[in-house]
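Okay, coords.txt now, which holds compact mmCIF, C-alpha atoms:
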# COMPACT_ATOMS: atom_id res chain seq x y z
CA MET Z 1 -3.72 45.82 -200.66
CA GLY Z 2 -5.73 46.85 -203.70
CA LEU Z 3 -2.63 46.78 -205.90
CA LEU Z 4 -1.64 43.38 -204.52
CA ARG Z 5 -5.08 41.96 -205.31
CA LYS Z 6 -4.97 43.45 -208.79
CA ALA Z 7 -1.48 42.09 -209.43
CA ALA Z 8 -2.41 38.70 -208.04
CA SER Z 9 -5.35 38.56 -210.39
CA ALA Z 10 -3.10 39.43 -213.33
CA VAL Z 11 -0.56 36.76 -212.33
CA ALA Z 12 -3.32 34.17 -211.94
CA LEU Z 13 -4.56 34.87 -215.46
CA SER Z 14 -1.06 34.58 -216.90
CA ASP Z 15 -0.67 31.15 -215.30
CA THR Z 16 -3.82 29.67 -216.85
CA ASN Z 17 -2.15 27.86 -219.75
CA VAL Z 18 0.78 26.54 -217.73
CA SER Z 19 0.73 22.98 -216.40
CA PRO Z 20 1.03 22.99 -212.64
CA PRO Z 21 4.43 21.78 -211.45
CA GLN Z 22 5.01 19.46 -208.59
CA LYS Z 23 4.00 21.20 -205.39
CA PRO Z 24 7.00 22.99 -203.90
CA PRO Z 25 7.27 23.52 -200.19
CA SER Z 26 4.61 26.00 -199.18
CA SER Z 27 7.07 28.69 -198.07
CA ILE Z 28 8.87 28.63 -201.45
CA GLY Z 29 5.55 28.83 -203.35
CA LEU Z 30 4.36 31.80 -201.34
CA LEU Z 31 7.69 33.57 -201.83
CA LYS Z 32 7.60 33.02 -205.59
CA ARG Z 33 4.05 34.36 -205.88
CA SER Z 34 4.87 37.39 -203.71
CA ILE Z 35 7.79 38.23 -206.01
CA GLN Z 36 5.50 37.95 -209.04
CA ILE Z 37 2.92 40.23 -207.41
CA LEU Z 38 5.48 42.87 -206.45
CA ALA Z 39 6.94 42.79 -209.96
CA ALA Z 40 3.49 43.52 -211.43
CA ILE Z 41 2.76 46.57 -209.21
CA PRO Z 42 4.79 49.14 -211.25
CA ALA Z 43 2.87 48.21 -214.41
CA ILE Z 44 -0.45 48.71 -212.59
CA ILE Z 45 0.66 52.09 -211.25
CA ARG Z 46 1.74 53.15 -214.75
CA ALA Z 47 -1.62 52.09 -216.16
CA ASP Z 48 -3.48 54.22 -213.59
CA GLU Z 49 -1.17 57.17 -214.29
CA ASP Z 50 -1.73 56.81 -218.04
CA PHE Z 51 -5.51 56.74 -217.49
CA THR Z 52 -5.37 59.94 -215.43
CA ARG Z 53 -3.10 61.65 -217.96
CA HIS Z 54 -5.53 60.82 -220.79
CA ILE Z 55 -8.39 62.47 -218.83
CA VAL Z 56 -6.29 65.61 -218.30
CA GLU Z 57 -5.27 65.78 -221.96
CA GLU Z 58 -8.83 65.26 -223.16
CA SER Z 59 -10.10 67.96 -220.80
CA LYS Z 60 -7.44 70.46 -221.86
CA ALA Z 61 -8.47 69.94 -225.48
CA LEU Z 62 -12.06 71.07 -224.78
CA SER Z 63 -13.27 74.24 -226.47
CA ASP Z 64 -13.01 77.40 -224.42
CA GLY Z 65 -16.24 79.12 -223.50
CA VAL Z 66 -18.57 79.95 -220.65
CA GLU Z 67 -19.96 76.44 -220.79
CA LEU Z 68 -16.55 74.75 -220.40
CA PRO Z 69 -17.28 73.58 -216.80
CA SER Z 70 -20.18 71.55 -218.16
CA ARG Z 71 -17.96 69.97 -220.81
CA LEU Z 72 -15.36 69.19 -218.18
CA PHE Z 73 -17.92 67.53 -215.93
CA THR Z 74 -19.29 65.45 -218.81
CA THR Z 75 -15.77 64.26 -219.65
CA LEU Z 76 -15.13 63.19 -216.06
CA ARG Z 77 -18.58 61.58 -215.78
CA LYS Z 78 -18.06 59.42 -218.84
CA ARG Z 79 -14.43 58.48 -218.22
CA LEU Z 80 -14.96 57.64 -214.55
CA SER Z 81 -18.47 56.18 -214.96
CA ILE Z 82 -20.07 58.63 -212.52
CA THR Z 83 -23.75 57.74 -212.14
CA LYS Z 84 -24.60 60.50 -209.65
CA GLY Z 85 -22.55 63.65 -209.38
CA ALA Z 86 -22.38 67.41 -209.78
CA LEU Z 87 -19.83 70.15 -210.36
CA LEU Z 88 -20.49 72.92 -207.85
CA LEU Z 89 -19.18 76.41 -208.61
CA TYR Z 90 -18.96 79.34 -206.25
CA ASP Z 91 -21.80 81.86 -206.52
CA PRO Z 92 -20.55 85.19 -205.09
CA MET Z 93 -24.06 86.66 -205.11
CA ARG Z 94 -25.46 84.01 -202.75
CA LEU Z 95 -22.16 83.04 -201.05
CA GLU Z 96 -22.65 79.36 -201.80
CA TYR Z 97 -21.48 76.51 -204.04
CA ALA Z 98 -24.22 75.44 -206.44
CA PRO Z 99 -24.45 72.84 -209.25
CA TRP Z 100 -23.49 74.25 -212.64
CA ALA Z 101 -23.51 70.76 -214.17
CA SER Z 102 -25.01 67.56 -212.77
CA TYR Z 103 -26.09 64.03 -213.59
CA GLY Z 104 -28.36 61.47 -211.92
CA PHE Z 105 -29.88 63.54 -209.09
CA ASP Z 106 -33.59 64.29 -208.74
CA GLN Z 107 -34.84 67.88 -209.05
CA THR Z 108 -35.42 68.28 -205.31
CA THR Z 109 -31.78 67.47 -204.64
CA LEU Z 110 -30.57 69.89 -207.32
CA HIS Z 111 -32.75 72.59 -205.77
CA ARG Z 112 -31.35 71.92 -202.29
CA MET Z 113 -27.74 71.40 -203.31
CA ARG Z 114 -26.63 74.94 -202.45
CA ILE Z 115 -23.76 74.55 -199.99
CA PRO Z 116 -22.90 77.81 -198.21
CA LEU Z 117 -19.52 78.89 -196.95
CA GLY Z 118 -18.77 77.26 -193.62
CA ALA Z 119 -21.48 74.64 -194.13
CA SER Z 120 -19.65 71.94 -192.14
CA GLU Z 121 -16.25 70.92 -190.87
CA THR Z 122 -15.95 68.33 -193.62
CA PHE Z 123 -16.73 70.82 -196.39
CA ASN Z 124 -14.37 73.40 -194.89
CA ALA Z 125 -11.57 70.80 -194.90
CA LEU Z 126 -11.55 70.93 -198.72
CA ALA Z 127 -9.55 74.14 -198.44
CA ASN Z 128 -6.54 71.89 -197.79
CA GLY Z 129 -6.73 70.77 -201.43
CA ASP Z 130 -7.23 67.03 -200.88
CA PRO Z 131 -10.28 65.06 -202.08
CA LEU Z 132 -12.36 63.53 -199.30
CA GLU Z 133 -14.49 60.40 -199.02
CA VAL Z 134 -17.38 60.77 -196.58
CA THR Z 135 -18.56 57.30 -195.52
CA THR Z 136 -19.48 57.38 -191.84
CA PRO Z 137 -23.15 58.08 -191.01
CA ALA Z 138 -22.25 60.97 -188.69
CA ARG Z 139 -20.27 62.81 -191.36
CA ARG Z 140 -22.87 62.11 -194.05
CA THR Z 141 -25.52 63.67 -191.82
CA GLU Z 142 -23.70 67.00 -192.23
CA PHE Z 143 -24.92 66.98 -195.85
CA GLN Z 144 -28.47 65.67 -195.31
CA ARG Z 145 -30.16 69.04 -195.91
CA PHE Z 146 -28.60 69.27 -199.38
CA PHE Z 147 -30.36 66.12 -200.65
CA SER Z 148 -33.95 65.02 -201.07
CA SER Z 149 -35.21 62.50 -198.52
CA ARG Z 150 -35.26 59.81 -201.19
CA GLU Z 151 -31.69 60.48 -202.33
CA PHE Z 152 -30.28 60.66 -198.82
CA ALA Z 153 -31.99 57.42 -197.76
CA VAL Z 154 -29.85 55.41 -200.22
CA LEU Z 155 -26.68 57.48 -199.80
CA GLU Z 156 -23.65 55.39 -198.83
CA GLN Z 157 -20.77 57.71 -199.68
CA ILE Z 158 -19.99 61.26 -200.72
CA ILE Z 159 -16.77 62.02 -202.56
CA LEU Z 160 -15.71 65.67 -202.65
CA CYS Z 161 -12.85 66.98 -204.78
CA PRO Z 162 -11.82 70.66 -204.46
CA TYR Z 163 -10.81 72.87 -207.38
CA ILE Z 164 -8.48 75.54 -206.00
CA PHE Z 165 -6.99 78.49 -207.86
CA GLU Z 166 -4.54 80.83 -206.12
CA ASP Z 167 -5.55 79.52 -202.69
CA THR Z 168 -9.27 80.07 -203.41
CA LEU Z 169 -11.83 77.26 -203.55
CA ILE Z 170 -13.57 78.00 -206.87
CA GLY Z 171 -15.41 74.71 -207.33
CA VAL Z 172 -16.14 71.25 -205.91
CA LEU Z 173 -16.78 67.99 -207.73
CA LEU Z 174 -19.36 66.04 -205.70
CA ILE Z 175 -19.94 62.33 -206.38
CA THR Z 176 -22.29 59.93 -204.61
CA GLU Z 177 -22.30 56.99 -207.02
CA VAL Z 178 -19.44 55.94 -209.31
CA ARG Z 179 -18.23 52.75 -211.00
CA HIS Z 180 -14.63 53.87 -211.41
CA PRO Z 181 -11.98 51.68 -213.08
CA PHE Z 182 -9.52 51.80 -210.17
CA GLU Z 183 -8.84 48.94 -207.78
CA SER Z 184 -9.67 51.09 -204.76
CA THR Z 185 -11.29 54.38 -203.84
CA GLN Z 186 -7.84 55.70 -203.01
CA GLY Z 187 -6.91 55.27 -206.67
CA LEU Z 188 -9.96 57.33 -207.65
CA LEU Z 189 -9.09 60.07 -205.14
CA SER Z 190 -5.53 60.25 -206.47
CA CYS Z 191 -6.87 60.59 -210.02
CA LEU Z 192 -9.35 63.31 -209.00
CA LYS Z 193 -6.64 65.26 -207.18
CA GLU Z 194 -4.28 65.24 -210.16
CA VAL Z 195 -7.05 66.21 -212.59
CA ALA Z 196 -8.15 69.09 -210.34
CA ALA Z 197 -4.57 70.34 -209.93
CA ASP Z 198 -4.12 70.47 -213.71
CA LEU Z 199 -7.53 71.88 -214.62
CA SER Z 200 -8.34 74.42 -211.89
CA SER Z 201 -6.71 77.20 -213.93
CA LEU Z 202 -8.84 76.18 -216.91
CA LEU Z 203 -11.96 76.41 -214.78
CA GLN Z 204 -10.93 79.81 -213.46
CA ARG Z 205 -10.29 81.10 -216.98
CA ALA Z 206 -13.81 80.13 -218.01
CA ARG Z 207 -15.45 81.54 -214.86
CA GLY Z 208 -13.20 84.40 -213.72
CA SER Z 209 -14.90 87.27 -215.56
CA LEU Z 210 -18.38 85.97 -214.69
CA MET Z 211 -17.41 85.74 -211.02
CA LYS Z 212 -16.51 89.44 -211.10
CA LEU Z 213 -19.80 90.30 -212.80
CA SER Z 214 -21.73 88.35 -210.17
CA GLN Z 215 -19.82 90.10 -207.40
CA ALA Z 216 -20.74 93.47 -208.93
CA ARG Z 217 -24.41 92.51 -208.96
CA ALA Z 218 -24.19 91.39 -205.35
CA THR Z 219 -23.28 94.93 -204.26
CA ARG Z 220 -26.49 96.41 -205.67
CA PRO Z 221 -29.59 96.65 -203.48
CA PRO Z 222 -32.42 94.31 -204.57
CA ALA Z 223 -35.15 96.00 -206.60
CA THR Z 224 -38.16 95.08 -208.73
CA PRO Z 225 -38.06 95.73 -212.51
CA GLU Z 226 -40.38 98.73 -211.96
CA GLU Z 227 -38.02 100.17 -209.35
CA GLN Z 228 -35.01 99.66 -211.60
CA VAL Z 229 -36.71 101.38 -214.55
CA ALA Z 230 -37.86 104.29 -212.37
CA ARG Z 231 -34.35 104.67 -210.98
CA LEU Z 232 -32.93 104.75 -214.49
CA LEU Z 233 -35.41 107.36 -215.75
CA GLU Z 234 -34.69 109.59 -212.75
CA SER Z 235 -30.92 109.43 -213.22
CA ARG Z 236 -29.14 112.45 -214.62
CA PRO Z 237 -27.91 110.82 -217.90
CA ALA Z 238 -31.46 109.69 -218.82
CA ARG Z 239 -33.54 112.59 -217.53
CA GLY Z 240 -35.50 114.25 -220.33
CA LYS Z 241 -34.07 112.01 -223.07
CA LYS Z 242 -35.80 109.59 -225.40
CA MET Z 243 -35.31 105.97 -224.37
CA LEU Z 244 -35.90 102.82 -226.42
CA PHE Z 245 -37.19 99.89 -224.38
CA LEU Z 246 -36.91 96.38 -225.87
CA SER Z 247 -38.04 92.96 -224.71
CA LEU Z 248 -35.71 90.08 -225.69
CA PRO Z 249 -37.05 86.56 -224.91
CA LEU Z 250 -33.99 84.49 -224.00
CA GLY Z 251 -35.70 81.11 -223.63
CA PRO Z 252 -35.11 79.85 -227.20
CA TYR Z 253 -31.45 80.88 -227.15
CA ILE Z 254 -30.81 79.28 -223.75
CA SER Z 255 -32.54 76.07 -224.88
CA ALA Z 256 -30.33 75.97 -227.98
CA ILE Z 257 -27.18 76.24 -225.84
CA ALA Z 258 -28.40 73.63 -223.36
CA SER Z 259 -29.31 71.16 -226.11
CA SER Z 260 -25.63 70.53 -226.86
CA HIS Z 261 -24.63 70.26 -223.18
CA GLU Z 262 -26.46 67.35 -221.61
CA ASP Z 263 -25.35 68.02 -218.01
CA LEU Z 264 -25.66 71.82 -217.95
CA ASP Z 265 -27.90 73.43 -215.29
CA LEU Z 266 -30.43 75.78 -216.91
CA PHE Z 267 -30.71 78.12 -213.95
CA ARG Z 268 -26.95 78.72 -213.93
CA LEU Z 269 -26.95 79.18 -217.70
CA ARG Z 270 -29.64 81.89 -217.45
CA GLU Z 271 -27.59 83.64 -214.77
CA ASP Z 272 -24.52 83.62 -217.00
CA VAL Z 273 -26.36 84.94 -220.05
CA ARG Z 274 -27.89 87.68 -217.93
CA ASN Z 275 -24.55 88.72 -216.45
CA LEU Z 276 -22.88 88.78 -219.85
CA LEU Z 277 -25.60 90.91 -221.43
CA GLU Z 278 -25.59 93.32 -218.49
CA ALA Z 279 -21.85 93.77 -219.00
CA PHE Z 280 -22.28 94.20 -222.76
CA LEU Z 281 -24.92 96.90 -222.28
CA ALA Z 282 -23.10 98.74 -219.50
CA ASP Z 283 -21.94 101.54 -221.84
CA LEU Z 284 -25.13 101.61 -223.90
CA GLY Z 285 -27.98 101.31 -221.43
CA VAL Z 286 -29.26 98.80 -218.89
CA ALA Z 287 -30.54 95.22 -218.90
CA ILE Z 288 -33.20 94.01 -216.46
CA MET Z 289 -34.39 90.42 -216.16
CA LEU Z 290 -38.19 90.19 -216.25
CA PRO Z 291 -40.17 87.55 -214.30
CA GLY Z 292 -41.12 85.63 -217.46
CA GLY Z 293 -37.51 85.10 -218.50
CA SER Z 294 -37.25 87.92 -221.03
CA LEU Z 295 -34.59 90.59 -220.84
CA LEU Z 296 -35.76 94.20 -220.70
CA VAL Z 297 -33.22 96.39 -222.46
CA CYS Z 298 -33.22 100.17 -222.28
CA ILE Z 299 -30.95 102.17 -224.60
CA GLN Z 300 -30.59 105.93 -224.71
CA GLU Z 301 -31.09 107.88 -227.93
CA MET Z 302 -31.54 104.91 -230.22
CA GLY Z 303 -34.42 104.39 -232.66
CA ARG Z 304 -36.10 101.28 -234.00
CA GLU Z 305 -34.11 101.61 -237.20
CA ASP Z 306 -30.97 100.77 -235.17
CA VAL Z 307 -32.37 97.51 -233.75
CA PRO Z 308 -31.01 95.15 -236.51
CA LEU Z 309 -27.44 96.34 -235.93
CA PHE Z 310 -27.92 96.15 -232.17
CA LEU Z 311 -29.12 92.52 -232.41
CA HIS Z 312 -26.18 91.63 -234.65
CA GLN Z 313 -23.80 93.00 -232.01
CA ILE Z 314 -25.48 91.00 -229.24
CA ARG Z 315 -25.35 87.79 -231.27
CA TYR Z 316 -21.68 88.30 -232.08
CA PHE Z 317 -20.86 89.09 -228.45
CA LEU Z 318 -22.58 85.99 -227.05
CA GLY Z 319 -21.16 83.82 -229.83
CA SER Z 320 -17.66 84.88 -228.77
CA ARG Z 321 -18.36 83.79 -225.18
CA PHE Z 322 -20.14 80.47 -225.75
CA ALA Z 323 -18.20 77.87 -227.70
CA GLY Z 324 -21.44 76.18 -228.77
CA ALA Z 325 -23.20 79.36 -229.89
CA THR Z 326 -21.08 80.66 -232.72
CA SER Z 327 -23.46 79.74 -235.53
CA GLU Z 328 -25.89 82.23 -236.98
CA GLU Z 329 -28.61 79.66 -236.44
CA GLY Z 330 -28.19 79.90 -232.66
CA GLY Z 331 -27.74 83.67 -232.65
CA SER Z 332 -30.85 84.28 -234.74
CA LEU Z 333 -32.92 82.94 -231.86
CA ILE Z 334 -32.38 86.29 -230.11
CA GLU Z 335 -35.08 88.61 -231.40
CA VAL Z 336 -37.06 91.61 -230.17
CA SER Z 337 -40.61 90.67 -229.21
CA LYS Z 338 -41.86 94.11 -228.13
CA SER Z 339 -40.60 97.69 -228.05
CA ARG Z 340 -41.68 101.03 -226.60
CA ILE Z 341 -40.24 104.56 -226.99
CA TRP Z 342 -40.23 106.66 -223.84
CA PRO Z 343 -41.85 109.17 -223.39
CA ASP Z 344 -43.45 109.35 -226.87
CA GLU Z 345 -45.44 106.11 -226.44
CA GLY Z 346 -46.30 106.26 -222.75
CA THR Z 347 -44.99 107.53 -219.43
CA ASP Z 348 -46.39 105.00 -216.95
CA VAL Z 349 -43.56 102.83 -215.61
CA ARG Z 350 -45.78 100.05 -214.28
CA GLU Z 351 -47.74 99.82 -217.54
CA LEU Z 352 -44.47 99.82 -219.51
CA VAL Z 353 -43.01 96.87 -217.59
CA THR Z 354 -46.31 94.95 -217.79
CA PHE Z 355 -46.46 95.49 -221.55
CA LEU Z 356 -42.89 94.33 -222.12
CA SER Z 357 -43.30 91.34 -219.80
CA SER Z 358 -46.42 89.95 -221.49
Show the structure stored in the file as structure tokens.
Amino acid sequence: MGLLRKAASAVALSDTNVSPPQKPPSSIGLLKRSIQILAAIPAIIRADEDFTRHIVEESKALSDGVELPSRLFTTLRKRLSITKGALLLYDPMRLEYAPWASYGFDQTTLHRMRIPLGASETFNALANGDPLEVTTPARRTEFQRFFSSREFAVLEQIILCPYIFEDTLIGVLLITEVRHPFESTQGLLSCLKEVAADLSSLLQRARGSLMKLSQARATRPPATPEEQVARLLESRPARGKKMLFLSLPLGPYISAIASSHEDLDLFRLREDVRNLLEAFLADLGVAIMLPGGSLLVCIQEMGREDVPLFLHQIRYFLGSRFAGATSEEGGSLIEVSKSRIWPDEGTDVRELVTFLSS
């Protein structure tokens, strides 16, 4: 019916400058108009297909990098006129889907929007690969705990589109308000399904290695920074050796990345930077996130004279992972704020962590 209304509107516009003929019998007039409407439907379908294809092509042309999901979400948001939405990615550490990029939601909603595996029958149905529109009050109630009271009070619909790679649900596009260009919601769902089918592999390529790093972290027992440092110093490779401890404030660097990605979630970005640096340092030492947002780095048998080369390597490594962080200007934001040589400059673990955290 949506296509018929759209075609009828197009036919009505094309008739504006034509003088009305003598009224034919009503049955003949209706038949003529029905033929005109049906003739216009293929052109409307082609227009919708062209629109969808342009979104796919534009998305595939985006720069590779860890932040690609944010760029993808921004492209969809602008092309489809999404006024409230989020791209949820799977977090293997917490076994939930959380917003990596979002637009329009209040902070309480973004804090609550952590949808665990098996959250509801509706969410589980996404494994079938088809987008869903949640409109009935009973089904919307399944998602109430993931929104602030204010957001949920005005919620009329939830649109969910799965991103599936090799039979695994790797992400979900969630939309609650959209002014899409299609005649009906079904047209939007068809567009979302085609885009997801074409771009799921792109999303996996950007997130695959980070998913593995997060899974590796999930297998480790939780520990405070002091416990992690003590465990390191007691390990056989580090026992009795000199260790260089560095504090790297990551706030300025993360802010620089986020400034060019308007929809990117800062918490998820910090997690990604942390995981990448932990992987980079795996063969050199360890990296521990401190409460204030700095990264505590411990490297065996390295002196302060080696720090400039070490920083250059970190900047190059991160620049190769983030498409928006290749410039020296962004990389230079990573600097050492404090350092300590163990055991020459102190042997108290608690005091060491306090010093590097301040």
Shell around segment 109-125 of chain Z at 8 Å using all atoms listed in the file, local window under 3 positions removed, as a CSV table (one decimal) with C-alpha atoms, in the coordinates of the input:
chain,number,residue,atom,x,y,z
Z,95,LEU,CA,-22.2,83.0,-201.0
Z,96,GLU,CA,-22.6,79.4,-201.8
Z,97,TYR,CA,-21.5,76.5,-204.0
Z,98,ALA,CA,-24.2,75.4,-206.4
Z,99,PRO,CA,-24.4,72.8,-209.2
Z,105,PHE,CA,-29.9,63.5,-209.1
Z,106,ASP,CA,-33.6,64.3,-208.7
Z,128,ASN,CA,-6.5,71.9,-197.8
Z,139,ARG,CA,-20.3,62.8,-191.4
Z,142,GLU,CA,-23.7,67.0,-192.2
Z,145,ARG,CA,-30.2,69.0,-195.9
Z,146,PHE,CA,-28.6,69.3,-199.4
Z,147,PHE,CA,-30.4,66.1,-200.6
Z,148,SER,CA,-34.0,65.0,-201.1
Z,151,GLU,CA,-31.7,60.5,-202.3
Select, from Z:Val56, Z:Val297, Z:Ala223, Z:Ile170, the residue with the minimum atom-to-atom distance to Arg207 of chain Z, counting only C-alpha atoms.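 Closest candidate: Z:Ile170.
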Atomic distance atom CA of Gln300 of chain Z - atom CA of Gly251 of chain Z, expressed in Å with one decimal: 25.4 Å
To one decimal in Å, tell me the separation between atom CA of Val349 of chain Z and atom CA of Arg270 of chain Z.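 These atoms are spaced 25.2 Å apart.
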Just checking: using only C-alpha atoms, which residue out of Z:Ala323, Z:Leu356, Z:Leu80, Z:Leu68 ends up closest to Arg179 of chain Z?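 Distance minimum relative to Arg179 of chain Z lands on Z:Leu80.
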Exercise: residues within 6 Å of coordinate (-18.1, 59.9, -200.7), counting only C-alpha atoms, as an MDAnalysis selection string: chainID Z and resid 133:135 157:159 176
Distance cut-off 6 Å, centre (-25.9, 59.5, -208.5) in file coordinates, counting all atoms listed in the file: which residues qualify? Return them as a short mmCIF file (atom, residue, chain, number, x, y, z; two decimals) with C-alpha atoms, in the coordinates of the input.
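That gives us out.cif:
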data_model
loop_
_atom_site.label_atom_id
_atom_site.label_comp_id
_atom_site.auth_asym_id
_atom_site.auth_seq_id
_atom_site.Cartn_x
_atom_site.Cartn_y
_atom_site.Cartn_z
CA THR Z 83 -23.75 57.74 -212.14
CA LYS Z 84 -24.60 60.50 -209.65
CA GLY Z 85 -22.55 63.65 -209.38
CA GLY Z 104 -28.36 61.47 -211.92
CA PHE Z 105 -29.88 63.54 -209.09
CA THR Z 176 -22.29 59.93 -204.61
CA GLU Z 177 -22.30 56.99 -207.02
#
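With distances restricted to only C-alpha atoms, Z:Arg205 is the closest residue to Glu67 of chain Z from Z:Arg205, Z:Arg350, Z:Lys338, Z:Arg315.
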Of the candidates Z:Leu232, Z:Val273, Z:Leu295, Z:Ala279, which shows the shortest atom-to-atom distance to Phe322 of chain Z, using all atoms listed in the file?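 Looking only at the distances to Phe322 of chain Z, the closest residue turns out to be Z:Val273.
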Got a sec: who's within 12 Å of Leu246 of chain Z, counting only C-alpha atoms, leaving out chain neighbours fewer than 6 positions off, as a PyMOL selection string? chain Z and resi 285-290+294-300+302-304+306-307+310-311+334-342+352-353+355-357
Using Å and a single decimal, report how far atom CA of Ser59 of chain Z sits from atom CA of Asp263 of chain Z. 15.5 Å
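Nearest to Lys60 of chain Z of all the residues Z:Val178, Z:Ser259, Z:Ala282, Z:Leu202 is Z:Leu202, counting all atoms listed in the file.
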Of the listed residues Z:Arg236, Z:Arg140, Z:Arg71, Z:Arg150, that which approaches Ser260 of chain Z most closely, counting only C-alpha atoms: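 Checking each of Z:Arg236, Z:Arg140, Z:Arg71, Z:Arg150 against Ser260 of chain Z, counting only C-alpha atoms, the winner is Z:Arg71.
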